[in-house]
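Chemist: This is the content of structure22.txt (compact mmCIF, C-alpha atoms):
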# COMPACT_ATOMS: atom_id res chain seq x y z
CA MET A 15 56.53 49.62 77.90
CA ALA A 16 55.28 52.30 75.50
CA PHE A 17 55.26 51.86 71.74
CA SER A 18 58.84 52.56 70.74
CA ASN A 19 58.56 52.85 66.96
CA ARG A 20 55.25 53.82 65.51
CA LYS A 21 56.44 53.08 61.97
CA LEU A 22 57.36 49.52 62.86
CA ILE A 23 53.98 48.12 63.77
CA ALA A 24 51.00 48.23 61.46
CA GLY A 25 47.64 46.61 62.10
CA ILE A 26 46.36 45.44 58.75
CA CYS A 27 43.67 43.35 57.23
CA ALA A 28 44.80 41.15 54.34
CA SER A 29 42.81 42.90 51.71
CA ALA A 30 42.37 44.53 48.38
CA ILE A 31 43.28 47.71 50.19
CA ALA A 32 45.97 47.19 52.78
CA THR A 33 47.13 50.30 54.62
CA VAL A 34 50.51 49.51 56.12
CA ALA A 35 53.73 50.90 57.47
CA VAL A 36 56.87 50.00 55.55
CA VAL A 37 60.09 49.57 57.52
CA GLY A 38 63.73 48.88 56.87
CA ALA A 39 64.13 50.60 53.50
CA GLY A 40 67.16 52.52 52.25
CA ASN A 41 70.57 50.89 52.09
CA HIS A 42 69.05 47.54 53.07
CA TRP A 43 67.34 47.46 49.66
CA ALA A 44 70.56 48.07 47.72
CA ARG A 45 72.53 45.47 49.69
CA GLY A 46 69.74 42.93 49.34
CA GLN A 47 69.38 43.55 45.62
CA ALA A 48 73.05 42.88 45.07
CA LEU A 49 72.82 39.65 47.01
CA PHE A 50 69.68 38.62 45.14
CA GLN A 51 71.41 39.14 41.81
CA GLU A 52 74.00 36.59 42.90
CA SER A 53 71.42 33.95 43.82
CA PRO A 54 67.61 33.76 43.98
CA LYS A 55 68.12 31.74 47.16
CA GLU A 56 68.94 34.98 48.99
CA ILE A 57 65.29 36.10 48.94
CA ILE A 58 64.20 32.74 50.34
CA ASP A 59 66.69 32.97 53.19
CA GLU A 60 65.81 36.63 53.84
CA VAL A 61 62.12 35.76 54.23
CA TRP A 62 62.95 32.73 56.37
CA GLN A 63 65.11 34.85 58.71
CA VAL A 64 62.41 37.51 59.18
CA VAL A 65 59.81 34.89 60.06
CA ASP A 66 62.20 32.99 62.32
CA ARG A 67 63.02 36.14 64.32
CA ASN A 68 59.63 37.82 64.50
CA TYR A 69 56.65 35.60 63.65
CA VAL A 70 53.88 35.24 66.23
CA ASP A 71 51.87 32.04 65.80
CA SER A 72 48.17 32.90 65.75
CA VAL A 73 46.94 29.42 64.88
CA GLY A 74 49.01 27.23 67.23
CA THR A 75 50.77 25.16 64.57
CA PHE A 76 54.24 26.72 64.33
CA ASP A 77 56.97 24.14 64.91
CA ARG A 78 60.45 25.68 65.08
CA ASN A 79 62.20 22.40 64.26
CA LYS A 80 60.09 21.91 61.15
CA TRP A 81 60.69 25.53 60.18
CA ARG A 82 64.46 24.97 60.38
CA GLN A 83 64.11 21.83 58.31
CA LEU A 84 62.16 23.81 55.70
CA ARG A 85 65.07 26.22 55.37
CA ARG A 86 67.46 23.38 54.58
CA GLU A 87 65.01 21.88 52.07
CA TYR A 88 64.31 25.11 50.19
CA LEU A 89 67.92 26.28 50.10
CA ALA A 90 69.00 22.87 48.75
CA ARG A 91 66.92 23.42 45.60
CA ASN A 92 68.13 25.14 42.44
CA TYR A 93 66.24 28.20 41.22
CA LYS A 94 66.79 29.47 37.69
CA THR A 95 64.53 32.53 37.93
CA ARG A 96 63.25 34.83 40.61
CA GLU A 97 59.71 33.69 39.81
CA GLU A 98 60.72 30.18 40.87
CA ALA A 99 62.11 31.61 44.10
CA TYR A 100 58.89 33.60 44.68
CA SER A 101 56.81 30.46 44.26
CA ALA A 102 59.03 28.69 46.76
CA VAL A 103 58.65 31.52 49.28
CA LYS A 104 54.85 31.45 49.00
CA GLU A 105 54.91 27.67 49.35
CA MET A 106 57.08 27.95 52.44
CA LEU A 107 54.87 30.61 54.06
CA LYS A 108 51.74 28.60 53.36
CA THR A 109 52.95 26.00 55.88
CA LEU A 110 52.40 28.60 58.63
CA GLY A 111 48.64 28.53 58.09
CA ASP A 112 48.48 32.30 58.72
CA PRO A 113 46.60 34.25 56.00
CA TYR A 114 48.03 37.55 57.25
CA THR A 115 51.68 36.53 56.83
CA ARG A 116 52.24 36.78 53.10
CA PHE A 117 54.79 37.51 50.42
CA MET A 118 54.30 40.18 47.76
CA ASP A 119 56.27 40.24 44.52
CA PRO A 120 57.54 43.69 43.42
CA ASP A 121 54.35 44.51 41.50
CA GLU A 122 52.12 43.46 44.41
CA PHE A 123 54.27 45.43 46.83
CA LYS A 124 54.05 48.54 44.65
CA ASP A 125 50.28 48.12 44.51
CA MET A 126 50.16 48.03 48.30
CA GLN A 127 52.17 51.25 48.52
CA ILE A 128 49.95 52.90 45.90
CA ASP A 129 46.90 51.96 47.97
CA THR A 130 48.12 54.10 50.84
CA SER A 131 48.00 57.16 48.58
CA GLY A 132 44.22 57.06 48.78
CA GLU A 133 43.48 56.17 45.15
CA LEU A 134 43.18 52.87 43.32
CA THR A 135 41.70 51.27 40.24
CA GLY A 136 39.32 48.36 40.62
CA VAL A 137 35.94 47.54 42.12
CA GLY A 138 36.54 48.71 45.70
CA ILE A 139 36.44 45.80 48.15
CA GLN A 140 38.57 44.73 51.08
CA LEU A 141 39.32 41.01 51.18
CA SER A 142 40.46 38.64 53.89
CA GLN A 143 41.23 34.95 53.70
CA ASP A 144 39.40 32.96 56.35
CA PRO A 145 42.14 31.25 58.42
CA ASP A 146 40.09 28.07 58.82
CA THR A 147 38.30 27.56 55.50
CA LYS A 148 40.83 29.53 53.36
CA GLU A 149 37.87 31.13 51.58
CA LEU A 150 38.07 34.72 50.36
CA ILE A 151 35.81 36.85 52.53
CA VAL A 152 34.66 40.39 51.78
CA VAL A 153 35.50 42.48 54.82
CA SER A 154 33.61 45.40 53.36
CA PRO A 155 32.96 47.24 50.09
CA ILE A 156 34.30 50.79 49.93
CA GLU A 157 31.58 53.37 50.22
CA GLY A 158 30.66 54.75 46.81
CA SER A 159 32.62 52.06 44.96
CA PRO A 160 31.37 49.92 42.05
CA ALA A 161 31.23 46.90 44.38
CA ALA A 162 29.03 48.75 46.87
CA ALA A 163 26.75 49.99 44.10
CA ALA A 164 26.43 46.45 42.74
CA GLY A 165 25.31 45.11 46.11
CA ILE A 166 28.42 43.30 47.40
CA ARG A 167 28.22 42.98 51.22
CA SER A 168 30.48 42.37 54.17
CA ARG A 169 30.93 38.62 54.83
CA ASP A 170 30.16 37.63 51.24
CA VAL A 171 32.39 34.74 50.12
CA ILE A 172 33.95 35.21 46.68
CA VAL A 173 33.88 31.85 44.91
CA LYS A 174 34.74 32.95 41.36
CA ILE A 175 36.52 35.86 39.71
CA ASP A 176 35.18 35.85 36.17
CA GLN A 177 35.31 32.12 35.41
CA LYS A 178 38.27 31.33 37.68
CA THR A 179 37.53 29.53 40.93
CA THR A 180 39.04 31.09 44.06
CA GLN A 181 39.62 27.75 45.75
CA GLY A 182 43.17 27.79 47.12
CA MET A 183 43.67 31.40 45.98
CA SER A 184 45.40 33.91 48.26
CA SER A 185 44.03 37.41 48.78
CA ASP A 186 47.00 38.87 46.88
CA GLU A 187 46.32 36.60 43.90
CA ALA A 188 42.67 37.65 44.00
CA VAL A 189 43.61 41.32 44.08
CA LYS A 190 45.70 40.88 40.92
CA LEU A 191 42.70 39.44 39.11
CA ILE A 192 40.19 41.96 40.43
CA ARG A 193 42.20 45.04 39.54
CA GLY A 194 42.31 46.22 35.95
CA PRO A 195 41.91 49.18 33.60
CA VAL A 196 39.19 51.75 34.18
CA GLY A 197 36.07 50.82 32.21
CA SER A 198 36.89 47.11 31.94
CA LYS A 199 34.37 44.55 33.18
CA ILE A 200 34.66 41.76 35.73
CA THR A 201 32.17 39.32 37.22
CA LEU A 202 32.45 38.35 40.87
CA THR A 203 30.48 35.31 41.94
CA ILE A 204 29.76 35.26 45.65
CA ARG A 205 28.16 32.89 48.12
CA ARG A 206 25.84 34.54 50.63
CA GLU A 207 24.58 32.00 53.14
CA LYS A 208 23.00 29.34 50.85
CA GLU A 209 22.64 31.60 47.81
CA THR A 210 25.16 32.03 44.96
CA ILE A 211 25.00 35.33 43.08
CA ALA A 212 27.00 36.67 40.10
CA PHE A 213 27.75 40.41 40.11
CA PRO A 214 28.95 41.96 36.82
CA ILE A 215 30.93 45.10 37.74
CA VAL A 216 32.75 47.80 35.75
CA ARG A 217 36.11 48.85 37.20
CA GLU A 218 36.58 52.51 38.12
CA ARG A 219 39.22 54.80 39.58
CA ILE A 220 38.37 55.06 43.26
CA GLU A 221 39.35 57.92 45.51
CA ILE A 222 39.36 57.07 49.19
CA HIS A 223 38.58 59.85 51.63
CA SER A 224 39.07 58.59 55.18
CA VAL A 225 36.83 61.06 57.01
CA SER A 226 33.57 62.82 56.28
CA ALA A 227 31.65 64.90 58.81
CA ARG A 228 28.52 67.01 59.14
CA VAL A 229 26.14 68.51 61.68
CA GLN A 230 22.93 66.58 62.40
CA GLU A 231 19.96 68.13 64.18
CA SER A 232 18.51 66.24 67.16
CA PRO A 233 15.84 66.93 69.82
CA THR A 234 18.59 68.18 72.15
CA GLY A 235 20.36 70.36 69.59
CA PRO A 236 23.04 69.89 66.93
CA VAL A 237 25.25 66.78 67.07
CA GLY A 238 28.29 65.81 65.04
CA TYR A 239 28.27 62.82 62.68
CA ILE A 240 31.72 61.56 61.65
CA ARG A 241 32.25 58.62 59.29
CA LEU A 242 35.72 57.05 59.32
CA ARG A 243 36.25 54.69 56.37
CA GLN A 244 39.80 53.46 56.99
CA PHE A 245 42.93 54.18 59.04
CA SER A 246 45.42 55.62 56.56
CA ALA A 247 48.28 58.05 57.05
CA ASN A 248 45.85 60.95 56.52
CA SER A 249 43.10 59.69 58.82
CA ALA A 250 44.30 61.26 62.07
CA PRO A 251 44.82 64.79 60.63
CA GLU A 252 41.43 64.56 58.90
CA MET A 253 39.75 63.41 62.11
CA ARG A 254 41.38 66.18 64.13
CA GLN A 255 40.12 68.80 61.69
CA ALA A 256 36.62 67.29 61.65
CA ILE A 257 36.34 67.39 65.45
CA LYS A 258 37.65 70.95 65.61
CA ASP A 259 35.19 72.11 62.94
CA LEU A 260 32.27 70.47 64.73
CA GLU A 261 33.33 71.84 68.11
CA ALA A 262 33.31 75.33 66.55
CA LYS A 263 29.68 74.70 65.61
CA ASN A 264 28.83 73.90 69.25
CA VAL A 265 27.60 70.36 68.72
CA LYS A 266 26.27 68.65 71.87
CA GLY A 267 27.66 65.18 71.17
CA TYR A 268 28.96 62.82 68.49
CA VAL A 269 28.13 59.72 66.46
CA LEU A 270 31.33 58.08 65.19
CA ASP A 271 30.60 55.63 62.37
CA LEU A 272 33.12 52.77 62.01
CA ARG A 273 30.87 50.45 60.04
CA SER A 274 32.57 48.68 57.12
CA ASN A 275 35.94 50.12 58.18
CA PRO A 276 38.48 47.31 57.54
CA GLY A 277 41.28 48.85 59.61
CA GLY A 278 44.70 50.08 58.58
CA LEU A 279 47.57 51.72 60.44
CA LEU A 280 47.86 50.91 64.11
CA TYR A 281 49.37 54.27 64.99
CA ALA A 282 46.46 56.04 63.26
CA SER A 283 43.99 54.27 65.54
CA ILE A 284 46.05 55.27 68.58
CA ASP A 285 46.28 58.91 67.47
CA ILE A 286 42.52 59.05 66.89
CA ALA A 287 41.74 57.36 70.22
CA ARG A 288 43.72 60.11 71.96
CA MET A 289 41.40 62.70 70.44
CA TRP A 290 38.48 61.17 72.34
CA LEU A 291 40.12 59.76 75.49
CA PRO A 292 41.59 62.05 78.15
CA LYS A 293 43.31 59.20 79.99
CA GLY A 294 43.55 55.42 80.12
CA VAL A 295 45.11 52.59 78.15
CA ILE A 296 44.25 52.42 74.44
CA VAL A 297 45.80 49.11 73.38
CA SER A 298 48.55 46.71 74.34
CA THR A 299 50.45 44.31 72.13
CA LYS A 300 52.31 41.14 73.04
CA ASP A 301 55.05 39.69 70.87
CA ARG A 302 56.38 36.12 70.69
CA SER A 303 58.66 36.69 73.67
CA GLY A 304 55.72 37.82 75.77
CA ILE A 305 57.02 41.40 75.82
CA SER A 306 54.16 43.86 76.01
CA GLU A 307 54.01 47.36 74.64
CA GLN A 308 51.26 49.69 75.69
CA ALA A 309 49.77 52.86 74.23
CA SER A 310 47.82 55.23 76.46
CA ALA A 311 45.94 58.49 76.21
CA ASN A 312 48.01 61.63 76.78
CA ASN A 313 45.55 64.16 78.24
CA ARG A 314 45.06 65.81 74.85
CA ALA A 315 41.47 64.85 74.08
CA LEU A 316 39.70 67.35 71.83
CA THR A 317 36.27 66.87 73.38
CA ASP A 318 34.61 65.23 76.37
CA LYS A 319 31.08 65.41 74.95
CA PRO A 320 28.85 62.29 74.78
CA LEU A 321 29.90 59.78 72.13
CA VAL A 322 28.18 56.84 70.42
CA VAL A 323 30.12 54.54 68.05
CA LEU A 324 28.53 52.51 65.26
CA VAL A 325 30.15 49.14 64.43
CA ASP A 326 29.30 46.07 62.36
CA GLY A 327 30.81 42.90 60.93
CA GLY A 328 32.92 44.96 58.54
CA SER A 329 34.62 46.85 61.39
CA ALA A 330 38.01 45.16 61.66
CA SER A 331 41.55 45.48 62.98
CA ALA A 332 42.29 49.15 63.78
CA SER A 333 38.53 49.79 63.99
CA GLU A 334 38.37 47.22 66.77
CA ILE A 335 41.34 48.80 68.54
CA LEU A 336 39.57 52.17 68.58
CA SER A 337 36.12 50.87 69.48
CA GLY A 338 37.55 48.51 72.13
CA ALA A 339 39.48 51.36 73.75
CA LEU A 340 36.43 53.63 73.85
CA GLN A 341 34.22 50.84 75.18
CA ASP A 342 36.61 49.57 77.87
CA ASN A 343 37.30 53.10 79.12
CA ASN A 344 33.54 53.82 79.30
CA ARG A 345 34.04 56.72 76.92
CA ALA A 346 31.48 55.60 74.34
CA VAL A 347 28.46 53.38 73.83
CA LEU A 348 28.90 50.90 70.97
CA ILE A 349 25.81 50.24 68.84
CA GLY A 350 25.32 47.87 65.92
CA SER A 351 26.49 44.29 65.45
CA LYS A 352 29.56 42.24 66.42
CA THR A 353 32.81 43.33 64.78
CA PHE A 354 34.98 41.26 62.43
CA GLY A 355 37.46 39.80 64.96
CA LYS A 356 40.97 40.52 63.69
CA GLY A 357 43.31 41.03 66.65
CA LEU A 358 46.73 40.55 65.07
CA VAL A 359 49.46 43.02 64.17
CA GLN A 360 51.64 42.81 61.07
CA SER A 361 54.92 44.43 60.12
CA VAL A 362 55.39 45.05 56.40
CA ARG A 363 58.99 44.91 55.25
CA PRO A 364 60.67 45.61 51.91
CA LEU A 365 62.93 42.81 50.71
CA GLY A 366 66.14 42.89 48.73
CA ASP A 367 64.75 42.92 45.20
CA GLY A 368 61.77 45.25 45.72
CA SER A 369 59.36 42.57 46.88
CA GLY A 370 57.77 42.71 50.33
CA LEU A 371 56.75 40.60 53.29
CA ALA A 372 53.87 41.11 55.71
CA VAL A 373 54.52 39.07 58.84
CA THR A 374 52.39 38.71 61.97
CA ILE A 375 54.56 39.99 64.82
CA ALA A 376 52.15 40.45 67.72
CA LYS A 377 48.60 40.18 68.96
CA TYR A 378 46.79 43.11 70.47
CA LEU A 379 44.56 43.30 73.52
CA THR A 380 41.93 45.86 74.46
CA PRO A 381 42.48 47.86 77.67
CA SER A 382 40.59 45.28 79.74
CA GLY A 383 42.77 42.50 78.33
CA ARG A 384 40.33 41.13 75.76
CA ASP A 385 41.83 39.12 72.91
CA ILE A 386 39.23 39.67 70.19
CA ASN A 387 40.90 37.66 67.40
CA LYS A 388 38.20 35.54 65.73
CA GLN A 389 35.80 36.68 68.49
CA GLY A 390 35.08 40.29 67.63
CA ILE A 391 33.72 42.98 69.93
CA GLU A 392 30.12 42.83 71.04
CA PRO A 393 28.33 46.21 70.99
CA ASN A 394 26.72 47.56 74.15
CA ILE A 395 23.44 47.79 72.27
CA VAL A 396 22.65 45.38 69.43
CA ALA A 397 20.96 46.98 66.43
CA GLU A 398 20.92 44.59 63.49
CA LEU A 399 19.92 45.44 59.95
CA THR A 400 17.61 43.19 57.95
CA ASP A 401 18.90 41.89 54.63
CA ALA A 402 16.61 44.31 52.83
CA GLN A 403 17.88 47.27 54.87
CA ARG A 404 21.50 46.27 54.32
CA GLU A 405 20.92 45.89 50.59
CA ASP A 406 19.23 49.28 50.41
CA LEU A 407 22.06 51.08 52.23
CA SER A 408 24.66 49.28 50.14
CA LYS A 409 23.08 50.52 46.93
CA ASN A 410 22.22 53.98 48.29
CA GLN A 411 25.34 55.11 50.08
CA ASP A 412 24.02 58.67 50.44
CA GLN A 413 21.43 57.33 52.90
CA ILE A 414 24.06 56.18 55.40
CA GLY A 415 23.87 58.34 58.49
CA THR A 416 20.38 59.65 57.65
CA ALA A 417 16.78 59.00 58.66
CA SER A 418 16.83 56.05 56.22
CA ASP A 419 19.61 54.36 58.23
CA PRO A 420 18.06 52.36 61.13
CA GLN A 421 21.36 51.86 62.98
CA PHE A 422 22.15 55.55 62.80
CA GLN A 423 18.69 56.36 64.13
CA SER A 424 19.32 54.00 67.07
CA ALA A 425 22.62 55.76 67.73
CA LEU A 426 20.98 59.18 67.55
CA LYS A 427 18.33 58.10 70.05
CA VAL A 428 20.93 56.87 72.56
CA LEU A 429 23.08 59.97 72.04
CA THR A 430 20.09 62.23 72.67
CA GLN A 431 19.48 60.45 75.97
CA GLN A 432 23.14 60.84 76.93
CA ILE A 433 23.12 64.55 76.14
CA ALA A 434 19.97 65.05 78.21
CA THR A 435 21.51 63.17 81.13
CA ALA A 436 24.75 65.15 80.91
CA SER A 437 22.89 68.46 80.84
CA ASN A 438 21.04 67.59 84.05
CA LYS A 439 24.20 66.94 86.04
Using structure tokens, write down the structure that the file contains.

Modeler:
Amino acid sequence: MAFSNRKLIAGICASAIATVAVVGAGNHWARGQALFQESPKEIIDEVWQVVDRNYVDSVGTFDRNKWRQLRREYLARNYKTREEAYSAVKEMLKTLGDPYTRFMDPDEFKDMQIDTSGELTGVGIQLSQDPDTKELIVVSPIEGSPAAAAGIRSRDVIVKIDQKTTQGMSSDEAVKLIRGPVGSKITLTIRREKETIAFPIVRERIEIHSVSARVQESPTGPVGYIRLRQFSANSAPEMRQAIKDLEAKNVKGYVLDLRSNPGGLLYASIDIARMWLPKGVIVSTKDRSGISEQASANNRALTDKPLVVLVDGGSASASEILSGALQDNNRAVLIGSKTFGKGLVQSVRPLGDGSGLAVTIAKYLTPSGRDINKQGIEPNIVAELTDAQREDLSKNQDQIGTASDPQFQSALKVLTQQIATASNK
């Protein structure tokens, strides 16, 4: 079965920047708001119904009988305010043990929608809650952001936000604390292996450009370097234009950089995969009923020239869909380090009073059937950075994709070999 509604399914990473698809708006909102005004219990039952119909258990602990019992317990309570109802919803969802299924109050939901516009105010990090330890993990700092300039890295564990411990804190709660007015200060205390470091950071307004591209000279002629930072609504059009511009400059091959890309819209990853793949499966998803939907290439690839893809531990979700599709179809060589390992799909839904719910509705598989959740994708060629190299690139973002970037140099070397081989055929 092909994907039937590209707005319905969004692959997201629970984060400070969550790029999502919103479904079910319109009259549903007005009806739900009227019901909510009658009783705060309506929002609890609305959330319960969505989870009961659609939730896919990614941790193996979902008990339908207990879930039904929870509904009776929470609807038997009296709620005087909507804040009390919101607390009850979050408490109820916490029993699922799934950090990606989460409730957002109206302000949090608005923030999520603002994020998709490509601009935000804060320090510029993507967060994820570890499903086992419940710790707040940095998926990646945004390139050029205050967090990146300060030296925050992928896989850092945030233990304090200013003086407030993050123990038991959700990613949405952390986002509320981290965001703030431009020019205000915040201190993030992180744990990196056995070391604890405090990073004082000044908040800024951050513009997020999904795609940047340029021509790079190589021993075999000009090649195209494309950096994709996230999968937003604008990513596919920007990628299409970048490839067309580089093709017009007669590049011989491409390096596609997905490092520190936390993911985003599922359909954006599919659209971009089709620009590189002439044929073959891109991704399949499986819902709780075992029903699979499959997305495939459509013979509309923009180029068939040699391709190398850079990945690392900050490459998550939609990045893993794209890199997995290119690897399994033998379209690209993956270079770098193992990816993040987030193989779940969420649907983000508006609720009756303007709040929202992100619920895990499926898991995705690469074309060869790999379930990479918690496992990640291993690159074809491992090229690790030392701590010193990673620190240097984090603080000097303009060196990414240059001679000062060891992983890029490894990619360029492999691409040069591929171009030479292709020219001899």

Chemist: I'd like the neighbourhood of segment 238-254 of chain A as an NGL selection string, where a residue qualifies if any of its atoms comes within 6 Å (using only C-alpha atoms), though same-chain residues fewer than 2 positions away should be ignored.

Modeler: :A and (33 or 224-229 or 256-257 or 265 or 268-272 or 275 or 277-279 or 282 or 286)

Chemist: Nearest to Thr353 of chain A among A:Gly328, A:Pro113, A:Gly368, A:Pro195, with distances taken over all atoms listed in the file: which residue is it?

Modeler: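 Closest to Thr353 of chain A of all the choices is A:Gly328.
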
Chemist: With all atoms listed in the file as the atoms that count, which of A:Asp144, A:Glu218, A:Glu60, A:Asp342 lies nearest to Val103 of chain A?

Modeler: A:Glu60

Chemist: Residues within 9 Å of segment 402-409 of chain A, please, as an MDAnalysis selection string. Count only C-alpha atoms; anything in the same chain fewer than 3 positions from it doesn't count.

Modeler: chainID A and resid 155 157:158 162:167 399 412:414 418:420

Chemist: Which of these residues is nearest to Gln423 of chain A, using only C-alpha atoms: A:Asn264, A:Ser274, A:Ser232, A:Ser351?

Modeler: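 Closest residue, counting only C-alpha atoms: A:Ser232.
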
Chemist: Within 8 Å of Lys55 of chain A, counting all atoms listed in the file, which residues qualify if same-chain residues fewer than 6 places away don't, as a list in words?

Modeler: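 After dropping sequence-adjacent residues, the list is Leu89, Tyr93 and Ala99 of chain A.
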
Chemist: Now that the selection is made, can you save its residues with C-alpha atoms as a PDB file, keeping the file's coordinate frame?

Modeler:
ATOM      1  CA  LEU A  89      67.920  26.280  50.100  1.00  0.00           C
ATOM      2  CA  TYR A  93      66.240  28.200  41.220  1.00  0.00           C
ATOM      3  CA  ALA A  99      62.110  31.610  44.100  1.00  0.00           C
TER       4      ALA A  99
END

Chemist: Within 12 Å of (63.2, 36.1, 61.3), in the coordinates the file gives, what residues turn up when you count all atoms listed in the file, written out as a PyMOL selection string?

Modeler: chain A and resi 58-70+78+81-82+85+302+361+363+371-375

Chemist: Take atom CA of Thr299 of chain A and atom CA of Gly338 of chain A and report the distance between them in Å, one decimal.

Modeler: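 So the answer is 13.6 Å.
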
Chemist: Determine the nearest neighbour of Glu221 of chain A from the options A:Ser382, A:Thr135, A:Ser333, A:Ser310, counting all atoms listed in the file.

Modeler: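 Using all atoms listed in the file, Glu221 of chain A sits closest to A:Thr135.
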
Chemist: Given only C-alpha atoms as the basis, pick out the residue of A:Lys124, A:Lys377, A:Arg219, A:Arg193 nearest to Ser306 of chain A.

Modeler: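 Looking only at the distances to Ser306 of chain A, the closest residue turns out to be A:Lys377.
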
Chemist: What would the list of residues within 9 Å of (47.2, 53.1, 81.7) (file frame) look like as a list in words, if all atoms listed in the file are what count?

Modeler: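 I get Lys293, Gly294, Val295, Ile296, Gln308, Ala309, Ser310, Ala311 and Pro381 of chain A for the residues within 9 Å of that point.
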
Chemist: For atom CA of Ala397 of chain A and atom CA of Gln421 of chain A, quote the distance in Å rounded to one decimal.

Modeler: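 Atom-to-atom, atom CA of Ala397 of chain A to atom CA of Gln421 of chain A, that is 6.0 Å.
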
Chemist: Would you compute, for all listed atoms of segment 201-206 of chain A, the axis-aligned bounding box grown by 6 Å on each side, and then report its centre and edge lengths in Å rounded to one decimal, as lines of an AutoDock Vina configuration file?

Modeler:
center_x = 29.1
center_y = 36.1
center_z = 43.9
size_x = 18.6
size_y = 18.4
size_z = 25.4

Chemist: Using only C-alpha atoms, which residue out of A:Gly415, A:Pro236, A:Pro393, A:Pro364 lies closest to Gln341 of chain A?

Modeler: A:Pro393

Chemist: Considering all atoms listed in the file, return as a compact mmCIF listing (two decimals) with C-alpha atoms, in the coordinates of the input whatever protein or nucleic-acid residues lie within 12 Å of segment 173-188 of chain A, sequence-local ones (same chain, fewer than 5 positions apart) excluded.

Modeler:
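Produced file out_6.txt, reproduced below:
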# COMPACT_ATOMS: atom_id res chain seq x y z
CA CYS A 27 43.67 43.35 57.23
CA ALA A 28 44.80 41.15 54.34
CA SER A 29 42.81 42.90 51.71
CA ALA A 30 42.37 44.53 48.38
CA ILE A 31 43.28 47.71 50.19
CA ALA A 32 45.97 47.19 52.78
CA LYS A 104 54.85 31.45 49.00
CA GLU A 105 54.91 27.67 49.35
CA LEU A 107 54.87 30.61 54.06
CA LYS A 108 51.74 28.60 53.36
CA GLY A 111 48.64 28.53 58.09
CA ASP A 112 48.48 32.30 58.72
CA PRO A 113 46.60 34.25 56.00
CA TYR A 114 48.03 37.55 57.25
CA THR A 115 51.68 36.53 56.83
CA ARG A 116 52.24 36.78 53.10
CA PHE A 117 54.79 37.51 50.42
CA MET A 118 54.30 40.18 47.76
CA ASP A 119 56.27 40.24 44.52
CA ASP A 121 54.35 44.51 41.50
CA GLU A 122 52.12 43.46 44.41
CA PHE A 123 54.27 45.43 46.83
CA ASP A 125 50.28 48.12 44.51
CA MET A 126 50.16 48.03 48.30
CA GLY A 136 39.32 48.36 40.62
CA VAL A 137 35.94 47.54 42.12
CA ILE A 139 36.44 45.80 48.15
CA GLN A 140 38.57 44.73 51.08
CA LEU A 141 39.32 41.01 51.18
CA SER A 142 40.46 38.64 53.89
CA GLN A 143 41.23 34.95 53.70
CA ASP A 144 39.40 32.96 56.35
CA PRO A 145 42.14 31.25 58.42
CA THR A 147 38.30 27.56 55.50
CA LYS A 148 40.83 29.53 53.36
CA GLU A 149 37.87 31.13 51.58
CA LEU A 150 38.07 34.72 50.36
CA ILE A 151 35.81 36.85 52.53
CA VAL A 152 34.66 40.39 51.78
CA VAL A 153 35.50 42.48 54.82
CA ARG A 193 42.20 45.04 39.54
CA GLY A 194 42.31 46.22 35.95
CA LYS A 199 34.37 44.55 33.18
CA ILE A 200 34.66 41.76 35.73
CA THR A 201 32.17 39.32 37.22
CA LEU A 202 32.45 38.35 40.87
CA THR A 203 30.48 35.31 41.94
CA ILE A 204 29.76 35.26 45.65
CA ARG A 205 28.16 32.89 48.12
CA ARG A 206 25.84 34.54 50.63
CA GLU A 209 22.64 31.60 47.81
CA THR A 210 25.16 32.03 44.96
CA ILE A 211 25.00 35.33 43.08
CA ALA A 212 27.00 36.67 40.10
CA PHE A 213 27.75 40.41 40.11
CA PRO A 214 28.95 41.96 36.82
CA ILE A 215 30.93 45.10 37.74
CA GLY A 370 57.77 42.71 50.33
CA LEU A 371 56.75 40.60 53.29
CA ALA A 372 53.87 41.11 55.71

Chemist: Atom CA of Ala161 of chain A and atom CA of Gly350 of chain A are how many Å apart?

Modeler: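 Result for atom CA of Ala161 of chain A versus atom CA of Gly350 of chain A: 22.4 Å, one decimal.
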